[in-house]
file work-v8.tsv (TSV, C-alpha atoms and all ligand atoms)
chain	number	residue	atom	x	y	z
M	669	MET	CA	44.35	6.01	2.69
M	670	ALA	CA	42.41	9.32	2.99
M	671	PRO	CA	39.60	9.25	5.58
M	672	ALA	CA	36.09	8.87	4.10
M	673	SER	CA	34.53	12.29	3.65
M	674	LYS	CA	31.51	13.21	5.72
M	675	PRO	CA	28.38	13.80	3.62
M	676	THR	CA	26.81	17.27	3.43
M	677	PRO	CA	24.62	17.88	6.51
M	678	GLY	CA	20.93	17.07	6.03
M	679	LEU	CA	18.41	14.25	5.93
M	680	TYR	CA	19.03	11.28	3.61
M	681	LEU	CA	16.02	9.05	2.80
M	682	VAL	CA	17.63	5.73	1.92
M	683	ALA	CA	15.82	2.78	0.31
M	684	THR	CA	16.87	-0.66	1.53
M	685	PRO	CA	16.17	-4.12	-0.02
M	686	ILE	CA	12.72	-5.77	0.16
M	687	GLY	CA	14.21	-9.22	0.62
M	688	ASN	CA	17.42	-9.66	-1.32
M	689	ALA	CA	20.26	-7.98	0.61
M	690	GLY	CA	22.16	-7.53	-2.65
M	691	ASP	CA	19.65	-4.87	-3.71
M	692	LEU	CA	21.21	-2.18	-1.50
M	693	SER	CA	22.73	0.30	-3.97
M	694	GLN	CA	26.40	1.18	-3.83
M	695	ARG	CA	25.53	4.84	-3.20
M	696	ALA	CA	23.18	3.83	-0.36
M	697	SER	CA	25.92	1.70	1.17
M	698	THR	CA	28.43	4.58	0.96
M	699	ILE	CA	26.05	7.13	2.49
M	700	LEU	CA	24.93	4.77	5.27
M	701	SER	CA	28.55	4.17	6.21
M	702	ARG	CA	29.33	7.91	6.37
M	703	VAL	CA	26.30	9.60	7.99
M	704	ASP	CA	26.45	10.46	11.71
M	705	ILE	CA	23.45	8.28	12.56
M	706	ILE	CA	20.86	6.04	10.90
M	707	TYR	CA	17.28	6.18	12.15
M	708	CYS	CA	15.38	2.97	11.47
M	709	GLU	CA	12.13	1.22	12.44
M	710	ASP	CA	13.74	-1.77	14.13
M	711	THR	CA	17.43	-1.43	14.95
M	712	ARG	CA	17.91	-5.23	14.95
M	713	VAL	CA	16.54	-5.59	11.41
M	714	THR	CA	18.69	-2.74	10.08
M	715	ARG	CA	21.80	-3.87	11.97
M	716	LYS	CA	21.63	-7.24	10.15
M	717	LEU	CA	21.67	-5.47	6.79
M	718	LEU	CA	24.43	-3.07	7.87
M	719	THR	CA	26.60	-5.92	9.14
M	720	LEU	CA	26.19	-7.78	5.85
M	721	HIS	CA	27.50	-4.69	4.08
M	722	GLY	CA	30.28	-4.00	6.59
M	723	ILE	CA	28.69	-0.75	7.85
M	724	ALA	CA	29.30	0.20	11.49
M	725	THR	CA	27.33	3.50	11.75
M	726	ALA	CA	25.31	4.06	14.94
M	727	THR	CA	21.55	3.41	14.73
M	728	ALA	CA	18.53	4.68	16.68
M	729	SER	CA	14.87	3.81	16.40
M	730	TYR	CA	12.21	5.93	14.72
M	731	HIS	CA	8.87	4.15	14.39
M	732	GLU	CA	5.19	4.98	14.59
M	733	HIS	CA	5.07	4.59	18.40
M	734	ASN	CA	8.02	6.85	19.29
M	735	ALA	CA	8.09	9.21	16.30
M	736	ALA	CA	6.57	12.22	18.12
M	737	GLN	CA	9.20	12.00	20.89
M	738	VAL	CA	12.17	11.24	18.64
M	739	ARG	CA	11.45	13.79	15.89
M	740	PRO	CA	12.67	16.82	17.93
M	741	GLN	CA	15.96	14.97	18.60
M	742	ILE	CA	16.43	14.39	14.88
M	743	MET	CA	15.64	18.04	14.17
M	744	ALA	CA	18.23	19.08	16.79
M	745	ARG	CA	20.84	16.90	15.08
M	746	LEU	CA	20.05	18.48	11.71
M	747	ALA	CA	20.27	21.95	13.28
M	748	ALA	CA	23.68	21.00	14.68
M	749	GLY	CA	24.92	20.18	11.16
M	750	GLU	CA	24.76	16.38	11.29
M	751	ALA	CA	24.09	14.08	8.36
M	752	VAL	CA	21.16	11.83	9.29
M	753	ALA	CA	19.81	8.85	7.34
M	754	LEU	CA	16.29	7.43	7.58
M	755	VAL	CA	15.59	3.85	6.49
M	756	SER	CA	12.65	1.51	7.04
M	757	ASP	CA	12.74	-2.24	7.72
M	758	ALA	CA	12.45	-2.89	3.99
M	759	GLY	CA	12.03	-0.88	0.82
M	760	THR	CA	11.47	2.84	0.47
M	761	PRO	CA	10.89	4.88	3.64
M	762	LEU	CA	7.59	6.85	3.82
M	763	VAL	CA	5.83	4.37	1.49
M	764	SER	CA	3.46	2.68	3.99
M	765	ASP	CA	6.25	3.39	6.48
M	766	PRO	CA	7.24	6.23	8.86
M	767	GLY	CA	8.95	9.43	7.72
M	768	TYR	CA	6.32	11.73	6.25
M	769	LYS	CA	6.15	14.09	9.24
M	770	LEU	CA	9.91	14.10	9.58
M	771	VAL	CA	10.20	15.17	5.95
M	772	GLN	CA	7.63	17.93	6.53
M	773	ASP	CA	9.59	19.22	9.55
M	774	CYS	CA	12.87	18.97	7.66
M	775	ILE	CA	11.47	21.08	4.80
M	776	ALA	CA	9.92	23.59	7.22
M	777	GLY	CA	13.26	23.85	9.05
M	778	GLY	CA	15.10	24.62	5.82
M	779	HIS	CA	17.43	21.60	6.12
M	780	ALA	CA	18.92	19.83	3.13
M	781	LEU	CA	16.86	16.80	2.08
M	782	THR	CA	17.64	14.13	-0.49
M	783	ALA	CA	16.67	10.57	-1.36
M	784	LEU	CA	18.63	7.51	-2.40
M	785	PRO	CA	16.05	5.52	-4.38
M	786	GLY	CA	15.94	1.76	-4.51
M	787	ALA	CA	13.67	-1.19	-3.84
M	788	ASN	CA	9.92	-0.79	-3.42
M	789	ALA	CA	7.46	-3.71	-3.30
M	790	ALA	CA	4.60	-1.93	-5.10
M	791	LEU	CA	6.63	-0.91	-8.16
M	792	THR	CA	8.35	-4.29	-8.34
M	793	ALA	CA	4.93	-6.01	-8.33
M	794	LEU	CA	3.57	-3.59	-10.92
M	795	ILE	CA	6.29	-4.27	-13.47
M	796	LEU	CA	6.00	-8.05	-12.95
M	797	SER	CA	2.19	-8.10	-13.09
M	798	GLY	CA	1.77	-7.92	-16.86
M	799	LEU	CA	-0.85	-5.21	-16.26
M	800	PRO	CA	-0.72	-1.67	-17.69
M	801	CYS	CA	2.03	0.43	-16.12
M	802	ASP	CA	1.22	3.74	-17.82
M	803	ARG	CA	-1.28	4.89	-15.16
M	804	PHE	CA	-1.34	3.42	-11.66
M	805	LEU	CA	-2.51	4.25	-8.17
M	806	PHE	CA	-0.83	2.98	-5.01
M	807	ALA	CA	-3.44	2.54	-2.28
M	808	GLY	CA	-1.39	0.86	0.49
M	809	PHE	CA	-3.31	-1.36	2.93
M	810	LEU	CA	-7.12	-1.51	2.67
M	811	PRO	CA	-9.19	-1.62	5.91
M	812	PRO	CA	-9.05	-5.08	7.52
M	813	LYS	CA	-12.85	-5.53	7.85
M	814	SER	CA	-14.94	-6.46	4.84
M	815	ALA	CA	-17.66	-3.78	5.08
M	816	ALA	CA	-15.14	-0.95	5.46
M	817	ARG	CA	-12.98	-2.45	2.73
M	818	ARG	CA	-15.85	-2.58	0.24
M	819	THR	CA	-16.70	1.02	1.08
M	820	ALA	CA	-13.08	2.09	0.56
M	821	LEU	CA	-13.06	0.40	-2.86
M	822	ILE	CA	-16.00	2.41	-4.20
M	823	GLU	CA	-13.88	5.38	-5.18
M	824	PHE	CA	-11.75	3.15	-7.44
M	825	ILE	CA	-14.62	1.80	-9.56
M	826	GLY	CA	-14.47	4.36	-12.35
M	827	LEU	CA	-10.72	4.96	-12.18
M	828	ARG	CA	-8.91	4.00	-15.36
M	829	ALA	CA	-5.67	3.01	-13.68
M	830	THR	CA	-3.91	-0.09	-12.40
M	831	LEU	CA	-4.36	-0.34	-8.62
M	832	LEU	CA	-1.69	-1.47	-6.14
M	833	PHE	CA	-2.43	-2.74	-2.64
M	834	TYR	CA	-0.35	-4.20	0.18
M	835	GLU	CA	-1.92	-7.14	2.02
M	836	SER	CA	-1.09	-9.91	4.48
M	837	GLY	CA	-1.47	-13.66	3.82
M	838	PRO	CA	-4.26	-14.33	6.35
M	839	ARG	CA	-6.48	-11.60	4.84
M	840	LEU	CA	-5.69	-12.23	1.17
M	841	ALA	CA	-8.63	-14.48	0.15
M	842	ALA	CA	-11.28	-12.25	1.76
M	843	MET	CA	-9.64	-9.12	0.35
M	844	LEU	CA	-9.63	-10.60	-3.18
M	845	ALA	CA	-13.30	-11.58	-2.79
M	846	ASP	CA	-14.17	-7.99	-1.89
M	847	LEU	CA	-12.11	-6.65	-4.79
M	848	ALA	CA	-14.01	-9.00	-7.15
M	849	ALA	CA	-17.37	-8.02	-5.63
M	850	VAL	CA	-16.83	-4.27	-5.96
M	851	LEU	CA	-14.56	-4.00	-9.03
M	852	GLY	CA	-15.78	-7.03	-11.01
M	853	PRO	CA	-13.71	-9.87	-12.52
M	854	ARG	CA	-10.80	-7.70	-13.61
M	855	ARG	CA	-7.37	-9.02	-14.50
M	856	ALA	CA	-5.08	-9.02	-11.47
M	857	ALA	CA	-1.85	-10.37	-10.04
M	858	VAL	CA	-0.80	-11.51	-6.58
M	859	ALA	CA	2.94	-10.91	-6.15
M	860	ARG	CA	4.52	-12.70	-3.20
M	861	GLU	CA	7.97	-12.81	-1.62
M	862	LEU	CA	9.45	-10.49	-4.25
M	863	THR	CA	13.24	-10.72	-4.70
M	864	LYS	CA	13.30	-13.68	-2.26
M	865	LEU	CA	13.85	-17.41	-2.77
M	866	PHE	CA	10.14	-18.23	-3.11
M	867	GLU	CA	9.16	-15.27	-5.29
M	868	GLU	CA	5.86	-15.98	-7.04
M	869	VAL	CA	3.49	-13.97	-9.25
M	870	ARG	CA	0.04	-15.49	-9.83
M	871	ARG	CA	-1.89	-13.80	-12.63
M	872	ASP	CA	-5.63	-14.33	-13.22
M	873	THR	CA	-8.98	-12.57	-12.80
M	874	LEU	CA	-9.93	-11.37	-9.33
M	875	ASP	CA	-12.72	-13.92	-8.87
M	876	VAL	CA	-10.46	-16.84	-9.86
M	877	LEU	CA	-7.64	-15.61	-7.59
M	878	ALA	CA	-10.11	-15.23	-4.70
M	879	ARG	CA	-11.31	-18.83	-5.15
M	880	HIS	CA	-7.73	-20.11	-5.44
M	881	TYR	CA	-6.62	-18.59	-2.11
M	882	GLU	CA	-9.92	-19.53	-0.44
M	883	GLN	CA	-9.21	-23.17	-1.33
M	884	ALA	CA	-5.41	-23.16	-0.92
M	885	GLY	CA	-5.47	-21.31	2.42
M	886	PRO	CA	-3.43	-18.26	3.43
M	887	PRO	CA	-0.10	-18.04	1.60
M	888	LYS	CA	3.11	-17.41	3.53
M	889	GLY	CA	5.17	-14.27	3.15
M	890	GLU	CA	4.67	-10.70	2.01
M	891	ILE	CA	2.16	-9.78	-0.66
M	892	VAL	CA	1.26	-7.07	-3.16
M	893	VAL	CA	-2.06	-7.25	-5.03
M	894	VAL	CA	-2.16	-5.58	-8.45
M	895	VAL	CA	-5.54	-4.95	-10.11
M	896	GLY	CA	-5.88	-3.96	-13.76
M	897	PRO	CA	-8.07	-1.06	-14.93
M	898	PRO	CA	-11.67	-1.71	-16.05
M	899	ASP	CA	-11.82	-3.26	-19.55
M	900	THR	CA	-14.56	-0.97	-20.77
M	901	ASP	CA	-14.72	2.80	-20.80
M	902	ARG	CA	-18.02	2.67	-19.07
M	903	VAL	CA	-18.68	1.46	-15.54
M	904	GLU	CA	-21.11	-1.45	-15.79
M	905	ALA	CA	-24.50	-1.69	-14.08
M	906	ALA	CA	-23.26	-4.56	-11.89
M	907	ASP	CA	-20.44	-2.32	-10.63
M	908	ILE	CA	-22.98	0.35	-9.73
M	909	ASP	CA	-25.02	-2.17	-7.74
M	910	ALA	CA	-21.95	-3.45	-5.87
M	911	ALA	CA	-20.89	0.11	-5.06
M	912	LEU	CA	-24.39	0.99	-3.87
M	913	VAL	CA	-24.59	-2.06	-1.61
M	914	ALA	CA	-21.31	-1.02	0.04
M	915	ALA	CA	-22.30	2.66	0.30
M	916	LEU	CA	-25.76	1.90	1.72
M	917	ASN	CA	-24.03	0.13	4.62
M	918	ARG	CA	-23.13	3.47	6.13
M	919	LEU	CA	-24.96	6.23	4.22
M	920	SER	CA	-28.53	7.34	3.60
M	921	LEU	CA	-29.97	6.51	0.18
M	922	ARG	CA	-29.47	10.10	-0.96
M	923	ASP	CA	-25.83	10.29	0.16
M	924	ALA	CA	-25.03	6.82	-1.18
M	925	VAL	CA	-26.39	7.83	-4.60
M	926	ALA	CA	-24.34	11.04	-4.55
M	927	GLU	CA	-21.15	9.20	-3.59
M	928	VAL	CA	-21.53	6.45	-6.20
M	929	ALA	CA	-22.43	8.96	-8.93
M	930	ALA	CA	-19.30	11.00	-8.11
M	931	ALA	CA	-17.06	7.91	-8.03
M	932	THR	CA	-18.32	6.39	-11.27
M	933	GLY	CA	-19.30	9.32	-13.48
M	934	TRP	CA	-22.83	7.91	-13.81
M	935	ALA	CA	-25.73	10.39	-13.79
M	936	ARG	CA	-27.34	10.73	-10.37
M	937	ARG	CA	-30.82	9.84	-11.65
M	938	ASP	CA	-29.51	6.56	-13.17
M	939	VAL	CA	-27.72	5.63	-9.95
M	940	TYR	CA	-30.89	6.55	-8.05
M	941	ALA	CA	-32.93	4.17	-10.22
M	942	HIS	CA	-30.50	1.35	-9.34
M	943	ALA	CA	-30.66	2.25	-5.66
M	944	LEU	CA	-34.45	2.15	-5.69
M	945	ALA	CA	-34.44	-1.24	-7.39
M	946	LEU	CA	-31.96	-2.54	-4.82
M	947	THR	CA	-33.90	-1.27	-1.82
M	948	ARG	CA	-37.13	-2.68	-3.30
M	949	ASP	CA	-35.44	-6.09	-3.47
M	950	ASP	CA	-34.40	-5.65	0.16
M	951	PRO	CA	-37.18	-3.67	1.86
M	952	ALA	CA	-35.52	-3.73	5.28
M	953	GLY	CA	-32.61	-1.84	3.75
M	954	ASP	CA	-30.51	-4.67	5.08
M	955	ASP	CA	-27.85	-6.62	3.24
M	956	ASP	CA	-25.74	-9.66	3.94
M	957	ASP	CA	-22.50	-7.73	3.69
M	958	ALA	CA	-23.40	-5.64	6.70
M	959	HIS	CA	-22.99	-8.75	8.82
M	960	GLN	CA	-19.92	-10.13	7.16
M	961	THR	CA	-16.62	-9.93	8.91
M	962	ASP	CA	-13.34	-11.26	7.67
M	963	GLU	CA	-11.33	-10.98	10.81
M	964	PRO	CA	-9.49	-14.25	11.45
M	1001	LIG	N1	8.25	0.65	2.40
M	1001	LIG	C1	8.00	-0.65	1.83
M	1001	LIG	C2	8.14	-0.56	0.30
M	1001	LIG	O1	8.80	0.36	-0.18
M	1001	LIG	O2	7.62	-1.43	-0.40
M	1001	LIG	C3	6.65	-1.20	2.24
M	1001	LIG	C4	6.47	-1.33	3.72
M	1001	LIG	S1	4.90	-1.96	4.18
M	1001	LIG	C5	4.95	-1.73	5.93
M	1001	LIG	C6	5.13	-3.70	4.13
M	1001	LIG	C7	4.29	-4.36	3.03
M	1001	LIG	O3	4.95	-4.24	1.77
M	1001	LIG	C8	4.12	-5.85	3.23
M	1001	LIG	O4	3.05	-6.14	4.11
M	1001	LIG	C9	3.81	-6.32	1.83
M	1001	LIG	O5	2.47	-6.04	1.49
M	1001	LIG	C10	4.72	-5.40	1.01
M	1001	LIG	N2	6.04	-6.04	0.79
M	1001	LIG	C11	7.21	-5.73	1.38
M	1001	LIG	N3	8.19	-6.55	0.92
M	1001	LIG	C12	7.62	-7.37	0.02
M	1001	LIG	C13	8.10	-8.44	-0.80
M	1001	LIG	N4	9.38	-8.83	-0.76
M	1001	LIG	N5	7.22	-9.08	-1.61
M	1001	LIG	C14	5.93	-8.71	-1.66
M	1001	LIG	N6	5.42	-7.71	-0.90
M	1001	LIG	C15	6.24	-7.05	-0.08

call {"tool": "encode", "arguments": {"input": "work-v8.tsv", "output": "structure tokens"}}
result
Amino acid sequence: MAPASKPTPGLYLVATPIGNAGDLSQRASTILSRVDIIYCEDTRVTRKLLTLHGIATATASYHEHNAAQVRPQIMARLAAGEAVALVSDAGTPLVSDPGYKLVQDCIAGGHALTALPGANAALTALILSGLPCDRFLFAGFLPPKSAARRTALIEFIGLRATLLFYESGPRLAAMLADLAAVLGPRRAAVARELTKLFEEVRRDTLDVLARHYEQAGPPKGEIVVVVGPPDTDRVEAADIDAALVAALNRLSLRDAVAEVAAATGWARRDVYAHALALTRDDPAGDDDDAHQTDEP
């Protein structure tokens, strides 16, 4: 039998399964077995997958804590004409995972770069959600604390797109409550353990989902939250108030009005009128959310 040919030198970004080991593509399996080395987040996690697929290629770690030290070694390998693969623990590298700076350096160094696409939790959740797939925005993980999370959500209020977030079980109920508070009772889906034995997609409005997980307790496993676009063309007054409450946590009245007007497309003077009404209701400029924390 002829020896397996070595791939063209360069960096190969290889997607791996998000749960079901059978989701590694045949092309990914071939490339991983033929590159000179595979860089991965956790060598033990990747070795399990490689063993299942009969791949014996050497591995080395590349994760957020050693990336700055390891990157020059990878660049040296590329310069020496090696074929190098990058994978993450699960799914597509660079998507909420390391690799972005390596790709930048690889492009700057003029090395060949290609991707072997495959599993990704966000896209899998999107297509299972039953929510519009024509326009979507992937927002990764939101801040863990409630006040910062509500602030981060302001910019999404007026966006006519389905939103995708990664989240952990212990934070899910509080995160859904903040989504409902800032974005209103939109249609949403919580997708859990995708491609695994206990795969589940729960579809309902944000407020109902928040109450469900508040009562049921933190779910096990990995989670993607999908939020549908606003039902109406126009951002509602209640959305403006929720956005203002979050913005006033950290900004002056003037800056909060400017930020909310920009995020929602509302006229500044109308947002200002809402802000005045809110601060009249709460003369100390204080609000309950400022004291809320969701850390377990
Ligand atoms: N690069 C990965 C991808 O392409 O999806 C994502 C890595 S990110 C560090 C890990 C997060 O992805 C998890 O916390 C969870 O929110 C989501 N995730 C990964 N696998 C999942 C699965 N099987 N089901 C649901 N969510 C998953």

call {"tool": "atom_distance", "arguments": {"input": "work-v8.tsv", "atom1": "CA of His779 (chain M)", "atom2": "CA of Lys716 (chain M)"}}
result
29.4 Å

call {"tool": "closest_atom_pairs", "arguments": {"input": "work-v8.tsv", "of": "chain M", "to": "ligand LIG 1001 (chain M)", "cutoff": "6 Å", "atoms": "only C-alpha atoms and all ligand atoms", "output": "CSV"}}
result
residue,atom,partner,partner_atom,distance
M:Ile686,CA,M:LIG1001,N4,4.6
M:Gly687,CA,M:LIG1001,N4,5.0
M:Ala758,CA,M:LIG1001,C1,5.4
M:Gly759,CA,M:LIG1001,O1,3.6
M:Thr760,CA,M:LIG1001,O1,3.7
M:Pro761,CA,M:LIG1001,N1,5.1
M:Val763,CA,M:LIG1001,N1,4.5
M:Ser764,CA,M:LIG1001,S1,4.9
M:Asp765,CA,M:LIG1001,N1,5.3
M:Asn788,CA,M:LIG1001,O1,3.6
M:Ala789,CA,M:LIG1001,O2,3.7
M:Ala790,CA,M:LIG1001,O2,5.6
M:Tyr834,CA,M:LIG1001,O5,3.6
M:Glu835,CA,M:LIG1001,O5,4.6
M:Ser836,CA,M:LIG1001,O4,5.6
M:Ala859,CA,M:LIG1001,C14,5.8
M:Arg860,CA,M:LIG1001,C14,4.5
M:Glu861,CA,M:LIG1001,N5,3.8
M:Leu862,CA,M:LIG1001,N5,3.7
M:Thr863,CA,M:LIG1001,N4,5.8
M:Glu890,CA,M:LIG1001,N6,4.2
M:Ile891,CA,M:LIG1001,N6,3.9
M:Val892,CA,M:LIG1001,N6,4.8

call {"tool": "write_last_selection", "arguments": {"input": "work-v8.tsv", "atoms": "C-alpha atoms", "output": "mmCIF file, in the frame of the given file"}}
result
data_model
loop_
_atom_site.group_PDB
_atom_site.id
_atom_site.type_symbol
_atom_site.label_atom_id
_atom_site.label_comp_id
_atom_site.auth_asym_id
_atom_site.auth_seq_id
_atom_site.Cartn_x
_atom_site.Cartn_y
_atom_site.Cartn_z
ATOM 1 C CA ILE M 686 12.720 -5.770 0.160
ATOM 2 C CA GLY M 687 14.210 -9.220 0.620
ATOM 3 C CA ALA M 758 12.450 -2.890 3.990
ATOM 4 C CA GLY M 759 12.030 -0.880 0.820
ATOM 5 C CA THR M 760 11.470 2.840 0.470
ATOM 6 C CA PRO M 761 10.890 4.880 3.640
ATOM 7 C CA VAL M 763 5.830 4.370 1.490
ATOM 8 C CA SER M 764 3.460 2.680 3.990
ATOM 9 C CA ASP M 765 6.250 3.390 6.480
ATOM 10 C CA ASN M 788 9.920 -0.790 -3.420
ATOM 11 C CA ALA M 789 7.460 -3.710 -3.300
ATOM 12 C CA ALA M 790 4.600 -1.930 -5.100
ATOM 13 C CA TYR M 834 -0.350 -4.200 0.180
ATOM 14 C CA GLU M 835 -1.920 -7.140 2.020
ATOM 15 C CA SER M 836 -1.090 -9.910 4.480
ATOM 16 C CA ALA M 859 2.940 -10.910 -6.150
ATOM 17 C CA ARG M 860 4.520 -12.700 -3.200
ATOM 18 C CA GLU M 861 7.970 -12.810 -1.620
ATOM 19 C CA LEU M 862 9.450 -10.490 -4.250
ATOM 20 C CA THR M 863 13.240 -10.720 -4.700
ATOM 21 C CA GLU M 890 4.670 -10.700 2.010
ATOM 22 C CA ILE M 891 2.160 -9.780 -0.660
ATOM 23 C CA VAL M 892 1.260 -7.070 -3.160
#

call {"tool": "residues_around", "arguments": {"input": "work-v8.tsv", "residues": "region 802-812 of chain M", "least_positions_apart": "6", "cutoff": "8 Å", "atoms": "all atoms listed in the file", "output": "count of residues only"}}
result
14

call {"tool": "closest_residue", "arguments": {"input": "work-v8.tsv", "among": "M:Leu921, M:Ala696, M:Ala751, M:Leu944", "to": "Pro785 (chain M)", "atoms": "only C-alpha atoms"}}
result
M:Ala696

call {"tool": "atom_distance", "arguments": {"input": "work-v8.tsv", "atom1": "CA of Thr684 (chain M)", "atom2": "CA of Ile795 (chain M)"}}
result
18.7 Å
